[in-house]
$ cat start25.cif   # mmCIF, C-alpha atoms
data_protein
#
loop_
_atom_site.label_atom_id
_atom_site.label_comp_id
_atom_site.auth_asym_id
_atom_site.auth_seq_id
_atom_site.Cartn_x
_atom_site.Cartn_y
_atom_site.Cartn_z
CA MET A 1 -17.68 25.75 -15.36
CA LEU A 2 -19.01 22.42 -14.01
CA PRO A 3 -17.08 20.47 -11.37
CA SER A 4 -15.45 17.23 -12.43
CA PRO A 5 -17.63 14.16 -11.69
CA THR A 6 -14.50 12.43 -10.35
CA GLY A 7 -13.64 15.32 -8.03
CA ASP A 8 -10.37 16.00 -9.86
CA PRO A 9 -9.11 19.55 -10.61
CA VAL A 10 -10.79 21.43 -13.45
CA LEU A 11 -9.01 24.14 -15.45
CA VAL A 12 -10.34 27.62 -14.61
CA SER A 13 -8.06 30.09 -16.36
CA LEU A 14 -4.74 30.62 -18.11
CA SER A 15 -2.41 33.56 -17.91
CA PRO A 16 -1.59 34.45 -20.63
CA LYS A 17 -4.86 33.21 -22.14
CA ASP A 18 -4.93 30.74 -24.99
CA GLY A 19 -4.37 32.66 -28.24
CA GLU A 20 -3.70 35.97 -26.45
CA THR A 21 -1.02 38.41 -27.60
CA VAL A 22 0.86 39.95 -24.68
CA ARG A 23 3.78 42.32 -24.28
CA SER A 24 6.22 40.32 -22.14
CA PRO A 25 4.94 38.15 -19.26
CA ASP A 26 7.23 37.17 -16.38
CA GLU A 27 5.58 33.80 -15.80
CA VAL A 28 2.88 31.48 -17.12
CA ARG A 29 0.07 30.60 -14.68
CA ILE A 30 -2.44 27.74 -14.92
CA THR A 31 -5.31 27.99 -12.42
CA PHE A 32 -7.68 25.21 -11.35
CA ASP A 33 -10.83 25.08 -9.24
CA ARG A 34 -9.04 23.55 -6.25
CA PRO A 35 -5.53 23.20 -4.81
CA VAL A 36 -3.10 21.22 -6.95
CA PRO A 37 0.36 19.81 -6.08
CA ALA A 38 2.51 21.96 -8.34
CA GLU A 39 5.69 20.01 -7.59
CA LEU A 40 4.08 16.83 -8.97
CA ALA A 41 2.84 18.57 -12.14
CA THR A 42 4.78 18.86 -15.39
CA VAL A 43 4.88 21.99 -17.57
CA GLN A 44 6.79 22.25 -20.83
CA MET A 45 7.06 25.38 -22.98
CA THR A 46 8.70 26.11 -26.33
CA ASP A 47 9.77 29.45 -27.77
CA PRO A 48 9.05 30.67 -31.33
CA ALA A 49 12.04 28.66 -32.60
CA GLY A 50 10.57 25.44 -31.17
CA GLU A 51 13.16 25.03 -28.41
CA ARG A 52 12.17 24.03 -24.88
CA ILE A 53 12.71 26.82 -22.39
CA VAL A 54 11.37 25.50 -19.05
CA SER A 55 14.19 24.21 -16.87
CA THR A 56 12.60 24.26 -13.39
CA ARG A 57 9.79 22.37 -11.66
CA PRO A 58 6.40 24.16 -11.52
CA TYR A 59 5.55 25.96 -8.30
CA ASN A 60 2.54 27.40 -6.49
CA PRO A 61 2.68 31.22 -6.48
CA PRO A 62 2.45 32.75 -2.97
CA GLY A 63 -1.10 32.55 -1.67
CA ALA A 64 -2.35 30.62 -4.72
CA ASP A 65 -2.30 26.89 -4.00
CA ASP A 66 -4.83 26.35 -6.80
CA THR A 67 -2.36 27.68 -9.39
CA ILE A 68 0.77 26.22 -10.93
CA ALA A 69 3.29 28.50 -12.59
CA VAL A 70 6.60 28.46 -14.44
CA PRO A 71 8.87 31.47 -15.10
CA MET A 72 9.46 32.93 -18.53
CA PRO A 73 13.10 33.13 -19.65
CA LYS A 74 14.89 36.42 -19.19
CA THR A 75 15.43 36.71 -22.94
CA ARG A 76 12.14 36.64 -24.84
CA TYR A 77 11.64 36.59 -28.58
CA GLU A 78 8.81 37.83 -30.71
CA GLY A 79 6.42 35.11 -31.80
CA ILE A 80 4.24 32.29 -30.54
CA TYR A 81 5.01 30.34 -27.37
CA SER A 82 3.46 26.92 -26.81
CA VAL A 83 2.64 25.49 -23.39
CA VAL A 84 1.65 21.94 -22.49
CA TRP A 85 1.03 20.68 -18.95
CA SER A 86 0.14 17.55 -17.03
CA VAL A 87 -1.37 17.32 -13.52
CA PRO A 88 -1.85 13.96 -11.72
CA SER A 89 -5.46 13.06 -11.00
CA SER A 90 -6.62 11.35 -7.81
CA ALA A 91 -5.92 8.04 -9.55
CA LEU A 92 -2.43 9.32 -10.51
CA GLU A 93 -3.41 9.39 -14.18
CA PRO A 94 -2.26 12.43 -16.22
CA MET A 95 -4.65 15.30 -16.91
CA VAL A 96 -3.07 16.96 -19.96
CA GLY A 97 -3.76 20.36 -21.54
CA SER A 98 -2.08 22.83 -23.87
CA SER A 99 -2.28 26.44 -25.02
CA THR A 100 -0.41 29.03 -27.07
CA PHE A 101 0.17 32.77 -26.64
CA SER A 102 2.07 35.38 -28.56
CA VAL A 103 4.71 37.82 -27.39
CA PHE A 104 4.47 41.19 -29.21
CA SER A 105 3.00 39.56 -32.36
CA ALA A 106 1.80 36.23 -33.72
CA ALA A 107 4.73 35.80 -36.08
CA ARG A 108 6.66 32.54 -36.46
CA LEU A 109 3.86 30.06 -35.84
CA THR A 110 5.08 26.77 -34.37
CA ALA A 111 3.23 23.57 -33.53
CA VAL A 112 2.31 22.75 -29.94
CA PRO A 113 4.81 20.17 -28.65
CA GLY A 114 3.64 16.77 -27.53
CA LEU A 115 4.02 15.88 -23.87
CA VAL A 116 5.31 12.42 -23.07
CA VAL A 117 3.14 11.07 -20.23
CA ASP A 118 4.37 7.47 -20.14
CA ARG A 119 6.03 6.48 -16.89
CA ASP A 120 9.65 5.45 -16.78
CA PRO A 121 9.66 1.62 -16.43
CA VAL A 122 12.49 1.81 -13.91
CA VAL A 123 10.58 4.26 -11.70
CA VAL A 124 7.45 2.10 -11.95
CA THR A 125 9.42 -1.02 -11.01
CA VAL A 126 11.13 0.63 -8.04
CA TYR A 127 7.89 2.13 -6.68
CA THR A 128 5.86 -1.07 -7.20
CA VAL A 129 8.46 -3.42 -5.72
CA ALA A 130 8.95 -1.14 -2.69
CA GLY A 131 5.22 -1.13 -2.02
CA ALA A 132 4.98 -4.91 -2.34
CA LEU A 133 7.93 -5.48 -0.01
CA ALA A 134 6.50 -3.12 2.61
CA THR A 135 3.15 -4.93 2.48
CA ALA A 136 4.75 -8.37 2.75
CA ALA A 137 6.89 -7.23 5.69
CA LEU A 138 3.85 -5.76 7.48
CA VAL A 139 1.84 -8.94 7.06
CA LEU A 140 4.67 -11.23 8.15
CA GLY A 141 5.78 -9.03 11.06
CA VAL A 142 2.33 -8.44 12.55
CA GLY A 143 1.42 -12.11 12.05
CA THR A 144 4.56 -13.26 13.82
CA VAL A 145 3.94 -10.96 16.80
CA PHE A 146 0.34 -12.19 16.96
CA VAL A 147 1.41 -15.83 17.05
CA LEU A 148 4.09 -15.18 19.67
CA GLY A 149 1.82 -13.11 21.90
CA VAL A 150 -1.24 -15.36 21.69
CA ALA A 151 -0.07 -18.92 21.03
CA TRP A 152 3.64 -19.31 21.72
CA PRO A 153 5.22 -16.69 24.03
CA ASP A 154 8.31 -18.89 24.56
CA GLY A 155 9.16 -18.50 20.87
CA ALA A 156 10.06 -14.83 21.40
CA ARG A 157 13.30 -15.94 23.03
CA ARG A 158 14.46 -17.91 19.99
CA SER A 159 17.14 -16.29 17.85
CA GLY A 160 15.38 -17.27 14.62
CA THR A 161 12.20 -15.50 15.65
CA ARG A 162 14.04 -12.37 16.73
CA ARG A 163 15.93 -12.35 13.45
CA LEU A 164 12.68 -12.65 11.49
CA LEU A 165 11.14 -9.71 13.37
CA ARG A 166 14.28 -7.64 12.86
CA TYR A 167 14.31 -8.30 9.13
CA THR A 168 10.64 -7.42 8.71
CA TRP A 169 11.06 -4.15 10.64
CA VAL A 170 14.06 -3.11 8.55
CA THR A 171 12.20 -4.04 5.35
CA ILE A 172 9.18 -1.91 6.25
CA VAL A 173 11.36 1.11 7.02
CA LEU A 174 13.57 0.83 3.94
CA ALA A 175 10.70 0.01 1.56
CA THR A 176 8.65 2.95 2.86
CA LEU A 177 11.62 5.28 2.40
CA VAL A 178 12.10 4.04 -1.17
CA SER A 179 8.39 4.61 -1.80
CA LEU A 180 8.74 8.17 -0.53
CA LEU A 181 11.74 8.84 -2.76
CA SER A 182 10.23 7.32 -5.89
CA PHE A 183 6.62 8.52 -5.56
CA GLY A 184 7.34 11.98 -6.99
CA GLY A 185 8.83 10.52 -10.17
CA TYR A 186 5.97 8.01 -10.35
CA ALA A 187 3.24 10.66 -10.02
CA ALA A 188 4.91 13.32 -12.19
CA ARG A 189 6.03 10.68 -14.72
CA THR A 190 9.64 11.79 -14.80
CA SER A 191 12.74 9.76 -15.55
CA LEU A 192 14.72 8.06 -12.81
CA GLY A 193 17.36 10.79 -12.99
CA ASP A 194 14.78 13.52 -12.30
CA ALA A 195 12.88 11.53 -9.65
CA PHE A 196 15.20 12.76 -6.88
CA ASP A 197 14.67 16.46 -7.63
CA PRO A 198 14.20 18.22 -4.24
CA ALA A 199 11.07 19.90 -5.60
CA LEU A 200 9.56 16.47 -6.35
CA LEU A 201 10.40 15.29 -2.86
CA ALA A 202 8.73 18.40 -1.42
CA GLY A 203 5.66 17.68 -3.53
CA THR A 204 5.61 14.10 -2.26
CA VAL A 205 5.55 15.23 1.38
CA LYS A 206 2.68 17.66 0.67
CA SER A 207 0.61 15.06 -1.21
CA ASP A 208 -1.93 12.78 0.51
CA ILE A 209 -0.02 9.62 -0.35
CA GLY A 210 3.27 11.14 0.82
CA ALA A 211 1.64 12.17 4.09
CA ALA A 212 0.40 8.60 4.59
CA LEU A 213 3.91 7.23 4.03
CA MET A 214 5.34 9.72 6.51
CA ALA A 215 2.63 8.79 9.03
CA ARG A 216 3.58 5.13 8.58
CA LEU A 217 7.15 5.83 9.65
CA LEU A 218 5.98 7.84 12.66
CA ILE A 219 3.42 5.23 13.77
CA LEU A 220 5.98 2.46 13.35
CA VAL A 221 8.05 3.79 16.26
CA PRO A 222 5.48 3.45 19.10
CA VAL A 223 4.03 0.26 17.60
CA THR A 224 7.48 -1.35 17.53
CA LEU A 225 8.20 -0.32 21.10
CA GLY A 226 4.81 -1.63 22.22
CA PHE A 227 5.27 -4.97 20.48
CA TRP A 228 8.75 -5.36 21.93
CA GLN A 229 7.50 -4.66 25.44
CA LEU A 230 4.64 -7.11 24.91
CA LEU A 231 6.98 -9.92 23.89
CA ARG A 232 9.18 -9.29 26.93
CA SER A 233 6.29 -9.30 29.40
CA ALA A 234 4.90 -12.33 31.23
CA PRO A 235 3.23 -14.77 28.79
CA ALA A 236 -0.53 -15.12 28.70
CA ARG A 237 -1.76 -18.18 30.57
CA THR A 238 -5.55 -18.04 30.43
CA SER A 239 -7.95 -17.65 27.51
CA VAL A 240 -8.90 -14.15 28.68
CA GLU A 241 -5.26 -13.08 28.77
CA ARG A 242 -4.59 -14.59 25.34
CA TRP A 243 -7.50 -12.83 23.68
CA THR A 244 -6.63 -9.59 25.47
CA THR A 245 -3.16 -9.91 23.98
CA ALA A 246 -4.68 -10.63 20.56
CA ALA A 247 -6.87 -7.52 20.77
CA THR A 248 -3.85 -5.44 21.85
CA VAL A 249 -1.71 -6.66 18.95
CA LEU A 250 -4.42 -6.20 16.32
CA GLY A 251 -5.51 -2.84 17.74
CA ALA A 252 -1.98 -1.43 17.61
CA ALA A 253 -1.34 -2.95 14.19
CA SER A 254 -4.59 -1.48 12.79
CA ALA A 255 -3.19 2.05 13.06
CA LEU A 256 -0.18 0.95 11.04
CA ALA A 257 -2.23 -1.04 8.54
CA ALA A 258 -4.56 1.92 7.93
CA THR A 259 -1.66 3.85 6.39
CA TRP A 260 -1.65 1.32 3.56
CA VAL A 261 -5.24 2.29 2.72
CA PHE A 262 -4.41 6.01 2.71
CA ALA A 263 -1.22 5.42 0.68
CA ARG A 264 -3.25 4.21 -2.31
CA PRO A 265 -4.89 6.49 -4.91
CA ASN A 266 -8.23 7.58 -3.47
CA ALA A 267 -10.94 10.11 -4.25
CA PRO A 268 -9.98 13.75 -3.52
CA GLU A 269 -12.00 13.68 -0.30
CA GLY A 270 -10.08 10.60 0.87
CA PRO A 271 -11.20 7.02 1.53
CA GLY A 272 -14.50 6.51 3.30
CA PRO A 273 -14.83 4.81 6.71
CA LEU A 274 -16.00 1.55 5.09
CA THR A 275 -13.01 1.49 2.76
CA VAL A 276 -10.58 2.13 5.61
CA THR A 277 -12.21 -0.51 7.82
CA ALA A 278 -12.33 -3.15 5.09
CA GLY A 279 -8.78 -2.47 3.91
CA THR A 280 -7.40 -2.57 7.44
CA ALA A 281 -9.32 -5.75 8.30
CA LEU A 282 -8.05 -7.40 5.13
CA LEU A 283 -4.41 -6.70 5.99
CA LEU A 284 -4.81 -7.83 9.60
CA ALA A 285 -6.58 -11.05 8.62
CA ALA A 286 -3.86 -11.75 6.07
CA ALA A 287 -1.26 -11.07 8.76
CA VAL A 288 -2.79 -13.58 11.17
CA VAL A 289 -3.09 -16.41 8.66
CA VAL A 290 0.28 -15.74 7.01
CA GLY A 291 2.06 -15.39 10.34
CA ALA A 292 0.47 -18.59 11.63
CA ALA A 293 1.34 -20.51 8.48
CA VAL A 294 4.94 -19.30 8.38
CA MET A 295 5.46 -20.02 12.08
CA GLN A 296 3.93 -23.49 11.75
CA TRP A 297 6.13 -24.44 8.82
CA THR A 298 9.34 -22.97 10.26
CA THR A 299 9.90 -22.24 13.96
CA LEU A 300 7.09 -24.36 15.42
CA ARG A 301 8.03 -27.28 13.22
CA ARG A 302 11.57 -27.29 14.59
CA ALA A 303 10.41 -26.84 18.18
CA GLY A 304 9.02 -30.38 18.39
CA GLY A 305 6.65 -31.37 21.18
CA GLN A 306 7.22 -28.13 23.09
CA ALA A 307 5.10 -26.25 20.55
CA THR A 308 2.20 -28.74 20.41
CA PRO A 309 -0.23 -26.54 22.43
CA ALA A 310 0.59 -23.59 20.17
CA LYS A 311 -0.05 -25.68 17.06
CA ARG A 312 -3.44 -26.74 18.38
CA LEU A 313 -4.44 -23.18 19.23
CA LEU A 314 -3.36 -21.91 15.82
CA ALA A 315 -5.34 -24.69 14.17
CA ARG A 316 -8.46 -23.11 15.66
CA ILE A 317 -7.48 -19.52 14.87
CA MET A 318 -6.38 -19.92 11.24
CA PRO A 319 -9.77 -20.96 9.76
CA VAL A 320 -11.50 -18.02 11.48
CA ALA A 321 -8.87 -15.54 10.25
CA GLY A 322 -9.01 -17.06 6.78
CA ALA A 323 -12.80 -16.67 6.68
CA ALA A 324 -12.44 -13.04 7.80
CA MET A 325 -9.91 -12.47 5.04
CA LEU A 326 -12.24 -13.94 2.44
CA LEU A 327 -15.05 -11.68 3.61
CA ALA A 328 -12.80 -8.61 3.65
CA THR A 329 -11.52 -9.50 0.17
CA THR A 330 -14.96 -8.76 -1.25
CA ALA A 331 -14.25 -5.05 -0.64
CA ALA A 332 -11.14 -5.25 -2.85
CA ASP A 333 -11.02 -5.09 -6.61
CA GLY A 334 -8.67 -5.87 -9.48
CA TRP A 335 -5.51 -7.76 -8.67
CA ARG A 336 -6.02 -7.39 -4.92
CA LEU A 337 -9.20 -9.45 -5.13
CA ILE A 338 -7.37 -12.23 -6.97
CA ALA A 339 -4.23 -12.08 -4.79
CA TYR A 340 -6.00 -12.10 -1.43
CA GLY A 341 -8.55 -14.68 -2.57
CA ALA A 342 -5.77 -16.98 -3.72
CA LEU A 343 -3.91 -16.40 -0.45
CA ALA A 344 -6.98 -17.37 1.57
CA VAL A 345 -7.35 -20.59 -0.42
CA VAL A 346 -3.66 -21.40 0.08
CA ILE A 347 -3.96 -20.80 3.82
CA PHE A 348 -6.95 -23.13 4.11
CA GLY A 349 -5.06 -25.73 2.11
CA THR A 350 -2.08 -25.33 4.43
CA GLU A 351 -4.22 -25.88 7.50
CA VAL A 352 -5.89 -28.94 5.99
CA ALA A 353 -2.46 -30.36 5.11
CA LEU A 354 -1.25 -29.82 8.67
CA LEU A 355 -4.30 -31.54 10.11
CA ILE A 356 -3.91 -34.51 7.77
CA ARG A 357 -0.26 -34.74 8.69
CA GLU A 358 -1.10 -34.69 12.39
CA ARG A 359 -3.68 -37.40 11.86
CA ARG A 360 -1.24 -39.66 10.04
CA ARG A 361 1.22 -39.38 12.91
CA ARG A 362 -1.35 -40.82 15.34
CA PRO A 363 -1.66 -44.59 15.92
CA ASP A 364 -3.75 -46.79 13.69
CA PRO A 365 -7.44 -46.23 14.51
CA GLU A 366 -8.08 -49.98 14.54
CA LYS A 367 -5.54 -50.37 17.35
CA GLY A 368 -6.92 -47.52 19.38
CA ASN A 369 -10.64 -48.13 18.67
CA GLY A 370 -10.58 -45.04 16.47
CA ARG A 371 -10.84 -42.64 19.40
CA ARG A 372 -7.52 -40.87 18.89
CA ASP A 373 -8.35 -39.83 15.36
CA LYS A 374 -11.68 -38.28 16.18
CA PRO A 375 -10.36 -34.85 17.32
CA ALA A 376 -8.31 -34.44 14.14
CA ARG A 377 -11.21 -35.64 12.03
CA ARG A 378 -13.63 -33.26 13.69
CA ARG A 379 -11.19 -30.37 13.28
CA LEU A 380 -10.76 -31.20 9.61
CA GLN A 381 -14.52 -31.22 9.17
CA ASP A 382 -14.78 -27.86 10.98
CA VAL A 383 -12.17 -26.35 8.67
CA ALA A 384 -13.99 -27.64 5.60
CA ALA A 385 -17.31 -26.26 6.86
CA VAL A 386 -15.86 -22.82 7.64
CA SER A 387 -14.07 -22.75 4.29
CA ALA A 388 -17.19 -23.64 2.36
CA SER A 389 -19.37 -21.15 4.25
CA ALA A 390 -16.88 -18.32 3.86
CA THR A 391 -16.43 -19.06 0.18
CA VAL A 392 -20.18 -18.97 -0.47
CA VAL A 393 -20.58 -15.69 1.42
CA ALA A 394 -17.62 -14.17 -0.40
CA LEU A 395 -18.90 -15.21 -3.82
CA ALA A 396 -22.39 -13.93 -3.01
CA ALA A 397 -20.94 -10.52 -2.10
CA LEU A 398 -18.95 -10.17 -5.30
CA PRO A 399 -20.29 -7.76 -7.96
CA GLY A 400 -22.10 -9.67 -10.68
CA SER A 401 -22.17 -12.89 -8.66
CA ALA A 402 -23.94 -15.79 -10.27
CA LEU A 403 -25.24 -17.04 -6.93
CA PRO A 404 -28.97 -16.54 -6.35
CA GLY A 405 -30.39 -14.07 -3.87
#
$ encode --input "start25.cif" --output "structure tokens"
Amino acid sequence: MLPSPTGDPVLVSLSPKDGETVRSPDEVRITFDRPVPAELATVQMTDPAGERIVSTRPYNPPGADDTIAVPMPKTRYEGIYSVVWSVPSSALEPMVGSSTFSVFSAARLTAVPGLVVDRDPVVVTVYTVAGALATAALVLGVGTVFVLGVAWPDGARRSGTRRLLRYTWVTIVLATLVSLLSFGGYAARTSLGDAFDPALLAGTVKSDIGAALMARLLILVPVTLGFWQLLRSAPARTSVERWTTAATVLGAASALAATWVFARPNAPEGPGPLTVTAGTALLLAAAVVVGAAVMQWTTLRRAGGQATPAKRLLARIMPVAGAAMLLATTAADGWRLIAYGALAVVIFGTEVALLIRERRRRPDPEKGNGRRDKPARRRLQDVAAVSASATVVALAALPGSALPG
């Protein structure tokens, strides 16, 4: 037996064996070359009359975490029994197999039943939407705390800001709980009605993705307390204090953001250090630029001249964070590459629009000898230069890039 090139479980043995005639087994066992989450597997069996006879979730026999098993019914008939099973791979795709065995004799031959491995659209929708909401809440919440701690400490006392932080925290908690409840049905490809089976929930907790979701809830408690204490402390006044605050916010948030990397399908040995670093950096960069953009267009906009220093500081931070997000996006693939790339472009466009707006509000350059417009013009040129450089680097790093070198 050769190991799977993907690192996924490989079938080792069956009991009863395929085609074997046995007297009267008490259970059917399917053994693989490594531990498998039995609660997230699916096993169906039919008796000689073609009727399904498995009514419980598969389980790991005591001391055999590499084996999944289902019990035989108390009443057993002579003839051929058919078994079909599905085990989720590391990418949560079904690994399907089947076998037949005979009890007493091979009379009454029946066809092996087909196993439906399509996911329930409702379960897929619930699991996908919960994950998207949790990600959006993380990005918006961390970004808001970053802006408040680094650029505008006075904003933490505003009711609108506190309400925003409260909503994002509640969304992360509820969305993560929904992900936990729906993951078992998503992985085992059950219907919505079966997705809340206690055995599926137990399998979720024992799985790598379930453990990452549980860790997210646990990490969220100290991170929330730390952020709350930070916002209540004396505001940063110097550049050193501001960047110390920034490092504190991003450092604490990185532990929380890393759970998003581990909560995705990964290789059996888990994500590598580069994958974890790139995924975490991508989320944190997105949080900074999204938080800055949302705060600029909402709370800071209504604050008037009191928030002018914060707006100027964010105007310098956003292009750097956007460039970091573009660079980190190169480690993504599929829809994440498109989504984060589009987000980075939108953020740069937002910053350019804000700078143009600020410039138009200044006096006519002919009346002021053009001096008052120079800072805005230089900042606009800096943004364009950073955007162009980051875009070139990002495109050059993409697989199959058409850029030379």
$ resolve_selection --input "start25.cif" --expression "the PyMOL selection byres ((chain A and resi 182) around 9)" --output "MDAnalysis selection string"
chainID A and resid 123:124 126:127 177:181 183:187 192 195:196 201 204
$ write_last_selection --input "start25.cif" --atoms "C-alpha atoms" --output "PDB file, keeping the file's coordinate frame"
ATOM      1  CA  VAL A 123      10.580   4.260 -11.700  1.00  0.00           C
ATOM      2  CA  VAL A 124       7.450   2.100 -11.950  1.00  0.00           C
ATOM      3  CA  VAL A 126      11.130   0.630  -8.040  1.00  0.00           C
ATOM      4  CA  TYR A 127       7.890   2.130  -6.680  1.00  0.00           C
ATOM      5  CA  LEU A 177      11.620   5.280   2.400  1.00  0.00           C
ATOM      6  CA  VAL A 178      12.100   4.040  -1.170  1.00  0.00           C
ATOM      7  CA  SER A 179       8.390   4.610  -1.800  1.00  0.00           C
ATOM      8  CA  LEU A 180       8.740   8.170  -0.530  1.00  0.00           C
ATOM      9  CA  LEU A 181      11.740   8.840  -2.760  1.00  0.00           C
ATOM     10  CA  PHE A 183       6.620   8.520  -5.560  1.00  0.00           C
ATOM     11  CA  GLY A 184       7.340  11.980  -6.990  1.00  0.00           C
ATOM     12  CA  GLY A 185       8.830  10.520 -10.170  1.00  0.00           C
ATOM     13  CA  TYR A 186       5.970   8.010 -10.350  1.00  0.00           C
ATOM     14  CA  ALA A 187       3.240  10.660 -10.020  1.00  0.00           C
ATOM     15  CA  LEU A 192      14.720   8.060 -12.810  1.00  0.00           C
ATOM     16  CA  ALA A 195      12.880  11.530  -9.650  1.00  0.00           C
ATOM     17  CA  PHE A 196      15.200  12.760  -6.880  1.00  0.00           C
ATOM     18  CA  LEU A 201      10.400  15.290  -2.860  1.00  0.00           C
ATOM     19  CA  THR A 204       5.610  14.100  -2.260  1.00  0.00           C
TER      20      THR A 204
END
$ residues_around --input "start25.cif" --residues "Thr67 in chain A" --least-positions-apart "2" --cutoff "10 Å" --atoms "only C-alpha atoms" --output "ChimeraX atom specification"
/A:11-14,29-38,58-65,69
$ atom_distance --input "start25.cif" --atom1 "CA of Gly226 in chain A" --atom2 "CA of Val129 in chain A"
28.2 Å
$ resolve_selection --input "start25.cif" --expression "the PyMOL selection byres ((chain A and resi 269-272) around 12)" --output "list in words"
Thr6, Gly7, Asp8, Arg34, Ser90, Ala91, Ser207, Asp208, Ile209, Ala212, Ala258, Thr259, Trp260, Val261, Phe262, Ala263, Arg264, Pro265, Asn266, Ala267, Pro268, Pro273, Leu274, Thr275, Val276, Thr277, Ala278, Gly279 and Thr280 of chain A
$ residues_around --input "start25.cif" --residues "range 70-72 of chain A" --least-positions-apart "6" --cutoff "6 Å" --atoms "only C-alpha atoms" --output "list in words"
Asp26, Glu27, Val28 and Pro58 of chain A
$ resolve_selection --input "start25.cif" --expression "the PyMOL selection byres ((chain A and resi 100) around 9)" --output "list in words"
Pro16, Lys17, Asp18, Gly19, Glu20, Ile80, Tyr81, Ser82, Val83, Val84, Ser98, Ser99, Phe101, Ser102 and Val112 of chain A
$ write_last_selection --input "start25.cif" --atoms "C-alpha atoms" --output "short mmCIF file (atom, residue, chain, number, x, y, z; two decimals), in the frame of the given file"
data_model
loop_
_atom_site.label_atom_id
_atom_site.label_comp_id
_atom_site.auth_asym_id
_atom_site.auth_seq_id
_atom_site.Cartn_x
_atom_site.Cartn_y
_atom_site.Cartn_z
CA PRO A 16 -1.59 34.45 -20.63
CA LYS A 17 -4.86 33.21 -22.14
CA ASP A 18 -4.93 30.74 -24.99
CA GLY A 19 -4.37 32.66 -28.24
CA GLU A 20 -3.70 35.97 -26.45
CA ILE A 80 4.24 32.29 -30.54
CA TYR A 81 5.01 30.34 -27.37
CA SER A 82 3.46 26.92 -26.81
CA VAL A 83 2.64 25.49 -23.39
CA VAL A 84 1.65 21.94 -22.49
CA SER A 98 -2.08 22.83 -23.87
CA SER A 99 -2.28 26.44 -25.02
CA PHE A 101 0.17 32.77 -26.64
CA SER A 102 2.07 35.38 -28.56
CA VAL A 112 2.31 22.75 -29.94
#
$ atom_distance --input "start25.cif" --atom1 "CA of Ala175 in chain A" --atom2 "CA of Ala130 in chain A"
4.7 Å
$ residues_around --input "start25.cif" --residues "Ile172 in chain A" --least-positions-apart "3" --cutoff "10 Å" --atoms "all atoms listed in the file" --output "list in words"
Ala130, Gly131, Leu133, Ala134, Thr135, Ala136, Ala137, Leu138, Gly141, Tyr167, Thr168, Trp169, Ala175, Thr176, Leu177, Val178, Arg216, Leu217 and Leu220 of chain A
$ atom_distance --input "start25.cif" --atom1 "CA of Leu148 in chain A" --atom2 "CA of Leu230 in chain A"
9.6 Å
$ closest_residue --input "start25.cif" --among "A:Leu250, A:Ala215, A:Ala199, A:Leu343" --to "Val142 in chain A" --atoms "only C-alpha atoms"
A:Leu250
$ closest_residue --input "start25.cif" --among "A:Trp243, A:Phe146, A:Tyr77, A:Trp297" --to "Trp228 in chain A" --atoms "all atoms listed in the file"
A:Phe146
$ closest_residue --input "start25.cif" --among "A:Ala339, A:Val150, A:Ala323, A:Met45" --to "Arg237 in chain A" --atoms "all atoms listed in the file"
A:Val150
$ closest_residue --input "start25.cif" --among "A:Ser89, A:Arg52, A:Arg119, A:Asp154" --to "Ser233 in chain A" --atoms "only C-alpha atoms"
A:Asp154
$ residues_near_point --input "start25.cif" --point "(3.2, -10.3, 13.3)" --cutoff "12 Å" --atoms "all atoms listed in the file" --output "number ranges by chain"
A: 136-150, 156, 161-162, 164-166, 168-169, 223-224, 227-228, 231, 246, 249-250, 252-254, 256-257, 283-295
$ closest_residue --input "start25.cif" --among "A:Arg57, A:Arg242, A:Arg157, A:Arg76" --to "Arg23 in chain A" --atoms "all atoms listed in the file"
A:Arg76
$ build_atoms --input "start25.cif" --residues "range 123-131 of chain A" --atoms "N, CA and C atoms" --output "short mmCIF file (atom, residue, chain, number, x, y, z; two decimals), keeping the file's coordinate frame"
data_model
loop_
_atom_site.label_atom_id
_atom_site.label_comp_id
_atom_site.auth_asym_id
_atom_site.auth_seq_id
_atom_site.Cartn_x
_atom_site.Cartn_y
_atom_site.Cartn_z
N VAL A 123 11.27 3.63 -12.83
CA VAL A 123 10.58 4.26 -11.70
C VAL A 123 9.37 3.43 -11.27
N VAL A 124 8.62 2.93 -12.25
CA VAL A 124 7.45 2.10 -11.95
C VAL A 124 7.87 0.85 -11.19
N THR A 125 8.95 0.21 -11.65
CA THR A 125 9.42 -1.02 -11.01
C THR A 125 9.87 -0.75 -9.58
N VAL A 126 10.64 0.31 -9.38
CA VAL A 126 11.13 0.63 -8.04
C VAL A 126 9.96 0.92 -7.10
N TYR A 127 9.01 1.75 -7.53
CA TYR A 127 7.89 2.13 -6.68
C TYR A 127 6.99 0.92 -6.38
N THR A 128 6.73 0.09 -7.38
CA THR A 128 5.86 -1.07 -7.20
C THR A 128 6.50 -2.11 -6.29
N VAL A 129 7.77 -2.41 -6.54
CA VAL A 129 8.46 -3.42 -5.72
C VAL A 129 8.57 -2.95 -4.27
N ALA A 130 8.86 -1.66 -4.05
CA ALA A 130 8.95 -1.14 -2.69
C ALA A 130 7.62 -1.28 -1.96
N GLY A 131 6.53 -0.98 -2.64
CA GLY A 131 5.22 -1.13 -2.02
C GLY A 131 4.90 -2.58 -1.68
#
